[in-house]
$ cat structure-v2.cif   # mmCIF, C-alpha atoms
data_model
#
loop_
_atom_site.group_PDB
_atom_site.id
_atom_site.type_symbol
_atom_site.label_atom_id
_atom_site.label_comp_id
_atom_site.auth_asym_id
_atom_site.auth_seq_id
_atom_site.Cartn_x
_atom_site.Cartn_y
_atom_site.Cartn_z
ATOM 1 C CA MET X 6 35.890 -3.198 15.133
ATOM 2 C CA ILE X 7 35.895 -3.323 11.319
ATOM 3 C CA LYS X 8 36.047 -6.680 9.540
ATOM 4 C CA ARG X 9 36.675 -7.272 5.861
ATOM 5 C CA LEU X 10 34.480 -9.925 4.273
ATOM 6 C CA LYS X 11 34.741 -11.518 0.869
ATOM 7 C CA TYR X 12 31.506 -11.848 -1.106
ATOM 8 C CA SER X 13 31.137 -15.521 -0.077
ATOM 9 C CA GLU X 14 31.458 -14.581 3.614
ATOM 10 C CA ILE X 15 28.720 -11.911 3.698
ATOM 11 C CA ASP X 16 25.566 -12.588 5.710
ATOM 12 C CA PHE X 17 23.158 -11.085 3.198
ATOM 13 C CA VAL X 18 20.202 -11.252 5.584
ATOM 14 C CA LYS X 19 22.026 -9.086 8.142
ATOM 15 C CA TYR X 20 23.328 -6.866 5.356
ATOM 16 C CA ALA X 21 19.815 -6.247 4.022
ATOM 17 C CA GLN X 22 18.518 -5.544 7.531
ATOM 18 C CA CYS X 23 21.282 -3.005 8.119
ATOM 19 C CA LEU X 24 20.493 -1.231 4.836
ATOM 20 C CA GLU X 25 16.747 -1.279 5.424
ATOM 21 C CA ASN X 26 17.081 0.298 8.874
ATOM 22 C CA SER X 27 19.847 2.732 7.957
ATOM 23 C CA GLU X 28 19.564 6.493 8.011
ATOM 24 C CA GLN X 29 21.432 6.660 4.691
ATOM 25 C CA ARG X 30 19.464 4.030 2.748
ATOM 26 C CA LYS X 31 20.240 3.912 -1.004
ATOM 27 C CA TYR X 32 18.824 1.527 -3.581
ATOM 28 C CA SER X 33 22.271 1.310 -5.206
ATOM 29 C CA ALA X 34 23.716 -0.489 -2.158
ATOM 30 C CA SER X 35 21.212 -3.351 -2.364
ATOM 31 C CA LYS X 36 22.540 -6.804 -3.166
ATOM 32 C CA VAL X 37 20.591 -7.021 -6.419
ATOM 33 C CA PHE X 38 21.875 -3.653 -7.668
ATOM 34 C CA LEU X 39 25.489 -4.373 -6.747
ATOM 35 C CA ASP X 40 25.415 -7.932 -8.055
ATOM 36 C CA VAL X 41 24.218 -6.767 -11.470
ATOM 37 C CA SER X 42 26.246 -3.569 -11.806
ATOM 38 C CA SER X 43 29.527 -5.073 -10.543
ATOM 39 C CA ASN X 44 29.079 -8.612 -11.853
ATOM 40 C CA ASN X 45 29.282 -9.863 -8.246
ATOM 41 C CA ARG X 46 32.674 -8.205 -7.775
ATOM 42 C CA TRP X 47 32.219 -6.607 -4.390
ATOM 43 C CA GLU X 48 33.091 -7.287 -0.803
ATOM 44 C CA LEU X 49 32.062 -5.752 2.498
ATOM 45 C CA LEU X 50 33.470 -3.882 5.452
ATOM 46 C CA VAL X 51 31.442 -4.568 8.606
ATOM 47 C CA TYR X 52 31.482 -2.664 11.903
ATOM 48 C CA ASN X 53 30.882 -5.000 14.865
ATOM 49 C CA ASP X 54 27.900 -7.279 14.146
ATOM 50 C CA TYR X 55 26.531 -5.427 11.090
ATOM 51 C CA GLU X 56 25.952 -2.238 13.094
ATOM 52 C CA ALA X 57 27.365 -0.417 10.101
ATOM 53 C CA VAL X 58 28.387 -1.664 6.652
ATOM 54 C CA MET X 59 30.355 -0.364 3.689
ATOM 55 C CA PRO X 60 30.146 -2.241 0.359
ATOM 56 C CA ILE X 61 33.378 -2.196 -1.656
ATOM 57 C CA PRO X 62 33.057 -2.868 -5.412
ATOM 58 C CA TYR X 63 36.212 -3.588 -7.389
ATOM 59 C CA VAL X 64 37.622 -4.422 -10.782
ATOM 60 C CA LYS X 65 40.500 -6.782 -11.479
ATOM 61 C CA LYS X 66 43.556 -5.327 -13.223
ATOM 62 C CA TYR X 67 46.802 -7.265 -13.616
ATOM 63 C CA GLY X 68 45.655 -9.632 -10.882
ATOM 64 C CA LEU X 69 44.995 -6.785 -8.440
ATOM 65 C CA LYS X 70 41.723 -5.657 -6.876
ATOM 66 C CA ILE X 71 41.168 -1.968 -7.568
ATOM 67 C CA VAL X 72 38.206 -0.260 -5.901
ATOM 68 C CA HIS X 73 35.931 1.327 -8.489
ATOM 69 C CA ASN X 74 32.223 2.171 -8.399
ATOM 70 C CA PRO X 75 30.582 0.178 -11.175
ATOM 71 C CA MET X 76 28.568 1.620 -14.053
ATOM 72 C CA LEU X 77 25.316 3.299 -13.008
ATOM 73 C CA CYS X 78 26.165 2.927 -9.310
ATOM 74 C CA GLN X 79 26.341 6.543 -8.235
ATOM 75 C CA GLN X 80 26.455 6.288 -4.438
ATOM 76 C CA LEU X 81 27.553 3.681 -1.894
ATOM 77 C CA GLY X 82 29.380 4.603 1.301
ATOM 78 C CA ILE X 83 28.566 3.785 4.902
ATOM 79 C CA PHE X 84 25.167 2.621 6.130
ATOM 80 C CA SER X 85 24.148 2.583 9.792
ATOM 81 C CA LYS X 86 21.092 3.127 11.940
ATOM 82 C CA LYS X 87 22.318 6.617 12.821
ATOM 83 C CA GLU X 88 24.899 8.705 10.984
ATOM 84 C CA ASP X 89 28.102 8.720 13.045
ATOM 85 C CA ILE X 90 31.133 10.724 11.904
ATOM 86 C CA SER X 91 33.545 8.750 14.098
ATOM 87 C CA ILE X 92 32.425 5.446 12.537
ATOM 88 C CA ASN X 93 32.606 7.027 9.074
ATOM 89 C CA GLU X 94 36.167 8.137 9.725
ATOM 90 C CA ALA X 95 37.099 4.631 10.856
ATOM 91 C CA PHE X 96 35.749 3.165 7.607
ATOM 92 C CA TYR X 97 37.399 5.924 5.571
ATOM 93 C CA GLY X 98 40.760 5.225 7.200
ATOM 94 C CA TYR X 99 40.426 1.464 6.723
ATOM 95 C CA LEU X 100 39.576 1.906 3.039
ATOM 96 C CA ASN X 101 42.594 4.111 2.358
ATOM 97 C CA LYS X 102 45.015 1.920 4.327
ATOM 98 C CA ASN X 103 43.983 -1.434 2.888
ATOM 99 C CA TYR X 104 42.848 -0.894 -0.689
ATOM 100 C CA LEU X 105 43.908 0.582 -3.996
ATOM 101 C CA VAL X 106 41.143 3.102 -4.655
ATOM 102 C CA ARG X 107 40.536 4.427 -8.158
ATOM 103 C CA VAL X 108 36.993 5.742 -7.595
ATOM 104 C CA TYR X 109 34.799 5.324 -4.534
ATOM 105 C CA LYS X 110 31.604 7.308 -4.001
ATOM 106 C CA PHE X 111 29.994 7.800 -0.613
ATOM 107 C CA ASN X 112 26.327 8.707 -0.115
ATOM 108 C CA ASP X 113 24.810 12.127 0.449
ATOM 109 C CA CYS X 114 24.272 11.486 4.178
ATOM 110 C CA ASN X 115 27.871 10.527 5.001
ATOM 111 C CA GLN X 116 29.776 13.240 6.855
ATOM 112 C CA PHE X 117 33.514 13.327 7.655
ATOM 113 C CA HIS X 118 36.085 15.344 9.535
ATOM 114 C CA SER X 119 38.461 14.610 6.649
ATOM 115 C CA GLN X 120 38.309 16.835 3.584
ATOM 116 C CA ILE X 121 36.563 14.955 0.767
ATOM 117 C CA GLU X 122 35.769 16.124 -2.743
ATOM 118 C CA LEU X 123 32.057 16.536 -3.437
ATOM 119 C CA ARG X 124 29.934 15.734 -6.481
ATOM 120 C CA LYS X 125 26.481 17.054 -7.341
ATOM 121 C CA ASN X 126 23.183 15.219 -7.219
ATOM 122 C CA PHE X 127 19.533 16.241 -6.987
ATOM 123 C CA LEU X 128 16.479 14.651 -5.364
ATOM 124 C CA ILE X 129 12.777 15.380 -5.103
ATOM 125 C CA LEU X 130 11.392 14.046 -1.816
ATOM 126 C CA PRO X 131 7.900 12.520 -1.575
ATOM 127 C CA ASP X 132 5.123 15.104 -1.687
ATOM 128 C CA SER X 133 1.895 15.705 -3.560
ATOM 129 C CA TYR X 134 2.416 16.171 -7.283
ATOM 130 C CA GLU X 135 0.616 19.526 -7.094
ATOM 131 C CA ASN X 136 3.175 20.860 -4.601
ATOM 132 C CA VAL X 137 6.083 19.489 -6.593
ATOM 133 C CA TYR X 138 4.810 20.916 -9.880
ATOM 134 C CA SER X 139 4.141 24.323 -8.315
ATOM 135 C CA LYS X 140 7.891 24.618 -7.601
ATOM 136 C CA TYR X 141 8.997 23.943 -11.180
ATOM 137 C CA SER X 142 10.721 26.888 -12.809
ATOM 138 C CA PRO X 143 8.619 29.012 -15.193
ATOM 139 C CA LYS X 144 10.809 27.793 -18.038
ATOM 140 C CA ARG X 145 10.199 24.123 -17.148
ATOM 141 C CA LYS X 146 6.430 24.668 -16.955
ATOM 142 C CA ARG X 147 6.573 26.368 -20.334
ATOM 143 C CA LYS X 148 8.460 23.410 -21.829
ATOM 144 C CA LEU X 149 5.801 21.028 -20.521
ATOM 145 C CA ARG X 150 2.996 22.905 -22.294
ATOM 146 C CA LEU X 151 3.298 21.256 -25.693
ATOM 147 C CA ASP X 152 1.811 22.967 -28.740
ATOM 148 C CA LYS X 153 -1.418 21.473 -30.068
ATOM 149 C CA ASP X 154 0.219 20.443 -33.330
ATOM 150 C CA VAL X 155 2.782 18.439 -31.303
ATOM 151 C CA LEU X 156 0.177 16.978 -28.943
ATOM 152 C CA ASN X 157 -1.881 15.711 -31.868
ATOM 153 C CA VAL X 158 0.980 13.579 -33.204
ATOM 154 C CA SER X 159 2.738 12.551 -29.982
ATOM 155 C CA LYS X 160 2.258 10.025 -27.179
ATOM 156 C CA ILE X 161 4.017 8.506 -24.167
ATOM 157 C CA LYS X 162 4.397 4.754 -24.112
ATOM 158 C CA MET X 163 6.176 2.165 -21.958
ATOM 159 C CA VAL X 164 8.467 0.079 -24.169
ATOM 160 C CA SER X 165 10.411 -3.135 -23.720
ATOM 161 C CA PHE X 166 14.179 -3.355 -23.470
ATOM 162 C CA ASN X 167 14.381 -4.653 -27.042
ATOM 163 C CA GLU X 168 12.293 -1.731 -28.285
ATOM 164 C CA ALA X 169 14.470 0.778 -26.418
ATOM 165 C CA LYS X 170 17.833 -0.824 -27.228
ATOM 166 C CA GLY X 171 18.233 0.401 -30.802
ATOM 167 C CA PHE X 172 17.324 3.966 -29.884
ATOM 168 C CA ILE X 173 19.741 3.927 -26.921
ATOM 169 C CA GLU X 174 22.572 2.600 -29.098
ATOM 170 C CA ALA X 175 22.004 5.390 -31.623
ATOM 171 C CA ASN X 176 21.666 8.209 -29.097
ATOM 172 C CA MET X 177 23.856 7.400 -26.091
ATOM 173 C CA LEU X 178 26.416 10.166 -25.581
ATOM 174 C CA GLY X 179 29.582 10.524 -23.533
ATOM 175 C CA LEU X 180 30.984 6.981 -23.787
ATOM 176 C CA ASP X 181 34.643 6.508 -24.651
ATOM 177 C CA LYS X 182 34.616 2.892 -25.771
ATOM 178 C CA GLU X 183 32.318 0.435 -27.460
ATOM 179 C CA GLY X 184 32.705 -1.764 -24.378
ATOM 180 C CA ASP X 185 31.134 0.959 -22.255
ATOM 181 C CA LEU X 186 27.970 0.863 -24.360
ATOM 182 C CA SER X 187 27.717 -2.929 -24.173
ATOM 183 C CA GLY X 188 28.281 -2.693 -20.409
ATOM 184 C CA PHE X 189 25.429 -0.238 -19.959
ATOM 185 C CA LEU X 190 23.117 -2.313 -22.127
ATOM 186 C CA ARG X 191 23.995 -5.495 -20.212
ATOM 187 C CA ILE X 192 23.061 -3.808 -16.929
ATOM 188 C CA PHE X 193 19.888 -2.303 -18.387
ATOM 189 C CA GLU X 194 18.783 -5.664 -19.763
ATOM 190 C CA MET X 195 19.393 -7.527 -16.501
ATOM 191 C CA PHE X 196 17.559 -4.921 -14.414
ATOM 192 C CA TYR X 197 14.700 -4.961 -16.914
ATOM 193 C CA HIS X 198 14.282 -8.734 -16.697
ATOM 194 C CA LEU X 199 14.500 -8.566 -12.888
ATOM 195 C CA GLY X 200 11.547 -6.161 -12.930
ATOM 196 C CA HIS X 201 13.438 -3.140 -11.569
ATOM 197 C CA LEU X 202 13.874 -1.126 -14.761
ATOM 198 C CA GLN X 203 11.314 0.375 -17.092
ATOM 199 C CA PHE X 204 11.704 2.376 -20.281
ATOM 200 C CA SER X 205 9.378 5.260 -21.091
ATOM 201 C CA ALA X 206 9.385 6.601 -24.651
ATOM 202 C CA PHE X 207 8.102 9.806 -26.219
ATOM 203 C CA TYR X 208 6.749 9.212 -29.721
ATOM 204 C CA TYR X 209 6.462 11.960 -32.311
ATOM 205 C CA ASN X 210 4.865 11.119 -35.659
ATOM 206 C CA ASN X 211 5.008 7.436 -34.669
ATOM 207 C CA SER X 212 8.783 7.514 -34.091
ATOM 208 C CA ILE X 213 10.645 7.481 -30.775
ATOM 209 C CA ILE X 214 12.484 10.740 -30.144
ATOM 210 C CA ASN X 215 13.179 10.379 -26.380
ATOM 211 C CA VAL X 216 13.651 7.474 -23.975
ATOM 212 C CA ILE X 217 14.280 7.486 -20.225
ATOM 213 C CA ALA X 218 15.375 4.510 -18.127
ATOM 214 C CA ILE X 219 13.864 4.425 -14.640
ATOM 215 C CA TYR X 220 15.024 2.117 -11.836
ATOM 216 C CA GLU X 221 12.405 1.435 -9.175
ATOM 217 C CA ASP X 222 12.529 -0.085 -5.721
ATOM 218 C CA LYS X 223 10.370 0.203 -2.601
ATOM 219 C CA TYR X 224 11.410 3.772 -1.756
ATOM 220 C CA THR X 225 12.977 5.323 -4.842
ATOM 221 C CA VAL X 226 12.668 5.869 -8.563
ATOM 222 C CA ALA X 227 16.002 6.793 -10.114
ATOM 223 C CA LEU X 228 16.748 8.267 -13.523
ATOM 224 C CA LEU X 229 19.448 5.918 -14.816
ATOM 225 C CA GLY X 230 19.475 7.286 -18.334
ATOM 226 C CA THR X 231 18.044 9.950 -20.645
ATOM 227 C CA PHE X 232 18.417 9.452 -24.396
ATOM 228 C CA ASN X 233 17.358 12.020 -26.968
ATOM 229 C CA ASP X 234 17.256 12.418 -30.733
ATOM 230 C CA LYS X 235 19.039 15.759 -31.158
ATOM 231 C CA LYS X 236 16.905 16.695 -34.157
ATOM 232 C CA TYR X 237 13.872 17.083 -31.893
ATOM 233 C CA VAL X 238 15.379 18.751 -28.829
ATOM 234 C CA LYS X 239 12.987 21.722 -29.074
ATOM 235 C CA ILE X 240 9.967 19.471 -28.485
ATOM 236 C CA SER X 241 11.108 18.823 -24.864
ATOM 237 C CA GLY X 242 10.047 15.188 -24.852
ATOM 238 C CA ALA X 243 12.534 14.336 -22.075
ATOM 239 C CA SER X 244 10.967 16.937 -19.765
ATOM 240 C CA VAL X 245 7.526 15.482 -20.453
ATOM 241 C CA LEU X 246 8.711 11.933 -19.724
ATOM 242 C CA ILE X 247 10.385 12.896 -16.445
ATOM 243 C CA ASP X 248 7.392 14.943 -15.338
ATOM 244 C CA ASN X 249 5.137 11.973 -16.117
ATOM 245 C CA VAL X 250 7.226 9.657 -13.898
ATOM 246 C CA ILE X 251 7.259 12.244 -11.107
ATOM 247 C CA LYS X 252 3.475 12.521 -11.383
ATOM 248 C CA ASP X 253 3.103 8.736 -11.085
ATOM 249 C CA PHE X 254 5.454 8.135 -8.151
ATOM 250 C CA ILE X 255 6.274 11.256 -6.147
ATOM 251 C CA GLU X 256 3.560 10.867 -3.508
ATOM 252 C CA THR X 257 5.246 7.736 -2.140
ATOM 253 C CA LYS X 258 8.799 7.628 -3.517
ATOM 254 C CA ILE X 259 11.934 9.730 -3.800
ATOM 255 C CA PHE X 260 12.794 10.815 -7.340
ATOM 256 C CA ASP X 261 16.576 10.638 -7.786
ATOM 257 C CA PHE X 262 18.038 12.508 -10.779
ATOM 258 C CA GLU X 263 21.316 10.592 -10.479
ATOM 259 C CA GLY X 264 23.743 13.359 -11.335
ATOM 260 C CA GLY X 265 24.232 16.965 -12.316
ATOM 261 C CA GLU X 266 27.962 17.597 -12.831
ATOM 262 C CA LEU X 267 27.735 18.824 -16.433
ATOM 263 C CA PRO X 268 26.481 22.438 -16.598
ATOM 264 C CA ASN X 269 23.762 21.772 -19.177
ATOM 265 C CA ILE X 270 22.535 18.687 -17.284
ATOM 266 C CA GLU X 271 22.549 20.576 -13.980
ATOM 267 C CA GLU X 272 20.535 23.401 -15.524
ATOM 268 C CA PHE X 273 18.034 20.903 -16.937
ATOM 269 C CA PHE X 274 17.588 19.128 -13.579
ATOM 270 C CA ARG X 275 17.340 22.376 -11.609
ATOM 271 C CA GLY X 276 14.307 23.301 -13.707
ATOM 272 C CA PHE X 277 12.360 20.733 -11.687
ATOM 273 C CA ARG X 278 13.444 22.533 -8.495
ATOM 274 C CA PRO X 279 14.903 19.462 -6.740
ATOM 275 C CA GLU X 280 16.903 19.462 -3.511
ATOM 276 C CA PHE X 281 20.669 19.713 -3.939
ATOM 277 C CA ARG X 282 22.271 16.664 -2.298
ATOM 278 C CA PRO X 283 26.060 16.492 -2.838
ATOM 279 C CA TYR X 284 27.983 13.327 -2.001
ATOM 280 C CA GLY X 285 31.628 12.605 -1.274
ATOM 281 C CA ILE X 286 34.067 10.901 -3.604
ATOM 282 C CA ILE X 287 37.607 9.525 -3.470
ATOM 283 C CA GLU X 288 39.269 9.583 -6.874
ATOM 284 C CA SER X 289 42.914 8.717 -7.567
ATOM 285 C CA SER X 290 45.081 9.107 -10.639
ATOM 286 C CA VAL X 291 46.974 6.143 -12.077
ATOM 287 C CA LYS X 292 50.191 7.711 -10.775
ATOM 288 C CA LYS X 293 48.791 7.826 -7.236
ATOM 289 C CA LEU X 294 47.586 4.219 -7.532
ATOM 290 C CA VAL X 295 51.154 3.129 -8.296
ATOM 291 C CA LYS X 296 52.425 5.014 -5.230
ATOM 292 C CA ASP X 297 49.695 3.458 -3.072
ATOM 293 C CA LEU X 298 50.568 -0.008 -4.381
ATOM 294 C CA ILE X 299 54.224 0.461 -3.442
ATOM 295 C CA ALA X 300 53.186 1.678 0.030
ATOM 296 C CA LEU X 301 50.950 -1.367 0.580
ATOM 297 C CA ILE X 302 53.729 -3.721 -0.547
ATOM 298 C CA ILE X 303 56.114 -2.100 1.938
ATOM 299 C CA LYS X 304 53.509 -2.498 4.697
ATOM 300 C CA GLY X 305 53.131 -6.184 3.851
ATOM 301 C CA LYS X 306 49.519 -5.810 2.708
ATOM 302 C CA PHE X 307 50.058 -6.871 -0.886
ATOM 303 C CA PHE X 308 48.033 -10.097 -0.316
ATOM 304 C CA ASN X 309 44.957 -7.938 0.385
ATOM 305 C CA LEU X 310 45.004 -6.713 -3.207
ATOM 306 C CA LYS X 311 44.628 -10.113 -4.858
#

$ encode --input "structure-v2.cif" --output "structure tokens"
Amino acid sequence: MIKRLKYSEIDFVKYAQCLENSEQRKYSASKVFLDVSSNNRWELLVYNDYEAVMPIPYVKKYGLKIVHNPMLCQQLGIFSKKEDISINEAFYGYLNKNYLVRVYKFNDCNQFHSQIELRKNFLILPDSYENVYSKYSPKRKRKLRLDKDVLNVSKIKMVSFNEAKGFIEANMLGLDKEGDLSGFLRIFEMFYHLGHLQFSAFYYNNSIINVIAIYEDKYTVALLGTFNDKKYVKISGASVLIDNVIKDFIETKIFDFEGGELPNIEEFFRGFRPEFRPYGIIESSVKKLVKDLIALIIKGKFFNLK
């Protein structure tokens, strides 16, 4: 039996236990990650007594709840002790019948009988750094061998959020609105002060030319952002920063690249020879949302959307 719980009704102890013991465990489903990224706008679908859970983030539009994965939250989905397609299908059906879904992303373990669109992601699983490095592409290894004249005037340094902020603002690409940038920075700042996010910078001639944002929890380090000064792309500072993080953490933690849909980004990530781990996504157009709203009103489920 699936129950729908508002945020105030969730037993967060049982929720955390379910996540911790799940086969699909993802840092992005943790309470702290969802609270920050969604501004506490999420509720929960629960199977029996927290045998399986499915967090549902939403935004409010015109007084309606519309399901939408928040910024930087790549994967959610269903979490249970053992992956079960029949339970997944039950959650999938409940989601589609009771919510307006703009964007919902499952995790890379979730399997379905239903046809679901897939998105790309890449992981490196825990191993010795020597083994991981040996698999890098020849091109990636070449990029990591910096010339002596570059080495003599470059360094890697951990920087604070305030030190990284200006560089991120000047070099963040792919955002449509100013509000998107402020949203990302709000999330970065909160994670930083909670002790989950660190910023690693590549300095060249005493100036930052690359910054990466790394989220860390007990099992995973995730690449939440890569920011580069285009004038220095040939120096390959981003590759050096990512390799440095892999070197520091890969023996005990998963390295999650958090994406790979854009061809140039996919090519860059594949140079580290990660495992390809696609995940499912439901994505609806505005036109389909209107049709779904009308259908829910006809079924008498309009109150669920408020």

$ residues_around --input "structure-v2.cif" --residues "Asp261 (chain X)" --least-positions-apart "5" --cutoff "9 Å" --atoms "only C-alpha atoms" --output "PyMOL selection string"
chain X and resi 126-130+225-229

$ resolve_selection --input "structure-v2.cif" --expression "the PyMOL selection byres ((chain X and resi 104) around 8)" --output "list in words"
Lys70, Ile71, Val72, Leu100, Asn101, Lys102, Asn103, Leu105, Val106, Asn309 and Leu310 of chain X

$ closest_atom_pairs --input "structure-v2.cif" --of "region 86-167 of chain X" --to "region 186-210 of chain X" --cutoff "7 Å" --atoms "all atoms listed in the file" --output "CSV"
residue,atom,partner,partner_atom,distance
X:Val158,CA,X:Asn210,CA,5.2
X:Ser159,CA,X:Tyr209,CA,4.4
X:Lys160,CA,X:Tyr208,CA,5.2
X:Ile161,CA,X:Phe207,CA,4.8
X:Lys162,CA,X:Ala206,CA,5.3
X:Met163,CA,X:Ser205,CA,4.5
X:Val164,CA,X:Phe204,CA,5.6
X:Ser165,CA,X:Phe204,CA,6.6
X:Phe166,CA,X:Glu194,CA,6.3

$ resolve_selection --input "structure-v2.cif" --expression "the PyMOL selection byres ((chain X and resi 113) around 8)" --output "list of chain:residue names"
X:Gln29, X:Gln80, X:Phe111, X:Asn112, X:Cys114, X:Asn115, X:Arg282, X:Pro283, X:Tyr284, X:Gly285

$ resolve_selection --input "structure-v2.cif" --expression "the PyMOL selection byres ((chain X and resi 76) around 9)" --output "PyMOL selection string"
chain X and resi 42-43+74-75+77-79+185+188-189+192

$ atom_distance --input "structure-v2.cif" --atom1 "CA of Ser35 (chain X)" --atom2 "CA of Ile7 (chain X)"
20.1 Å

$ closest_residue --input "structure-v2.cif" --among "X:Phe84, X:Tyr63, X:Tyr99, X:Phe260" --to "Gln116 (chain X)" --atoms "all atoms listed in the file"
X:Phe84

$ residues_around --input "structure-v2.cif" --residues "Ser13 (chain X)" --least-positions-apart "2" --cutoff "12 Å" --atoms "all atoms listed in the file" --output "CSV table (one decimal) with C-alpha atoms, in the coordinates of the input"
chain,number,residue,atom,x,y,z
X,9,ARG,CA,36.7,-7.3,5.9
X,10,LEU,CA,34.5,-9.9,4.3
X,11,LYS,CA,34.7,-11.5,0.9
X,15,ILE,CA,28.7,-11.9,3.7
X,16,ASP,CA,25.6,-12.6,5.7
X,17,PHE,CA,23.2,-11.1,3.2
X,45,ASN,CA,29.3,-9.9,-8.2
X,46,ARG,CA,32.7,-8.2,-7.8
X,47,TRP,CA,32.2,-6.6,-4.4
X,48,GLU,CA,33.1,-7.3,-0.8
X,49,LEU,CA,32.1,-5.8,2.5

$ closest_residue --input "structure-v2.cif" --among "X:Ser91, X:Asn233, X:Thr257, X:Asn53" --to "Lys19 (chain X)" --atoms "only C-alpha atoms"
X:Asn53

$ atom_distance --input "structure-v2.cif" --atom1 "CA of Arg275 (chain X)" --atom2 "CA of Ala218 (chain X)"
19.1 Å

$ residues_around --input "structure-v2.cif" --residues "region 140-151 of chain X" --least-positions-apart "3" --cutoff "7 Å" --atoms "all atoms listed in the file" --output "MDAnalysis selection string"
chainID X and resid 136:137 155:156 241 244:245 276:278

$ atom_distance --input "structure-v2.cif" --atom1 "CA of Glu135 (chain X)" --atom2 "CA of Val238 (chain X)"
26.3 Å

$ axis_aligned_box --input "structure-v2.cif" --around "region 137-154 of chain X" --padding-each-side "5 Å" --output "lines of an AutoDock Vina configuration file"
center_x = 4.7
center_y = 24.3
center_z = -20.0
size_x = 22.2
size_y = 19.5
size_z = 36.7

$ closest_residue --input "structure-v2.cif" --among "X:Asp297, X:Ile287, X:Glu280, X:Tyr32" --to "Lys125 (chain X)" --atoms "only C-alpha atoms"
X:Glu280

$ closest_residue --input "structure-v2.cif" --among "X:Glu174, X:Glu221, X:Glu168, X:Glu56" --to "Val250 (chain X)" --atoms "only C-alpha atoms"
X:Glu221

$ closest_residue --input "structure-v2.cif" --among "X:Val41, X:Val291, X:Leu178, X:Asn26" --to "Thr231 (chain X)" --atoms "only C-alpha atoms"
X:Leu178

$ residues_near_point --input "structure-v2.cif" --point "(20.0, 3.3, 11.5)" --cutoff "12 Å" --atoms "only C-alpha atoms" --output "NGL selection string"
:X and (22-30 or 55-58 or 83-89 or 114)
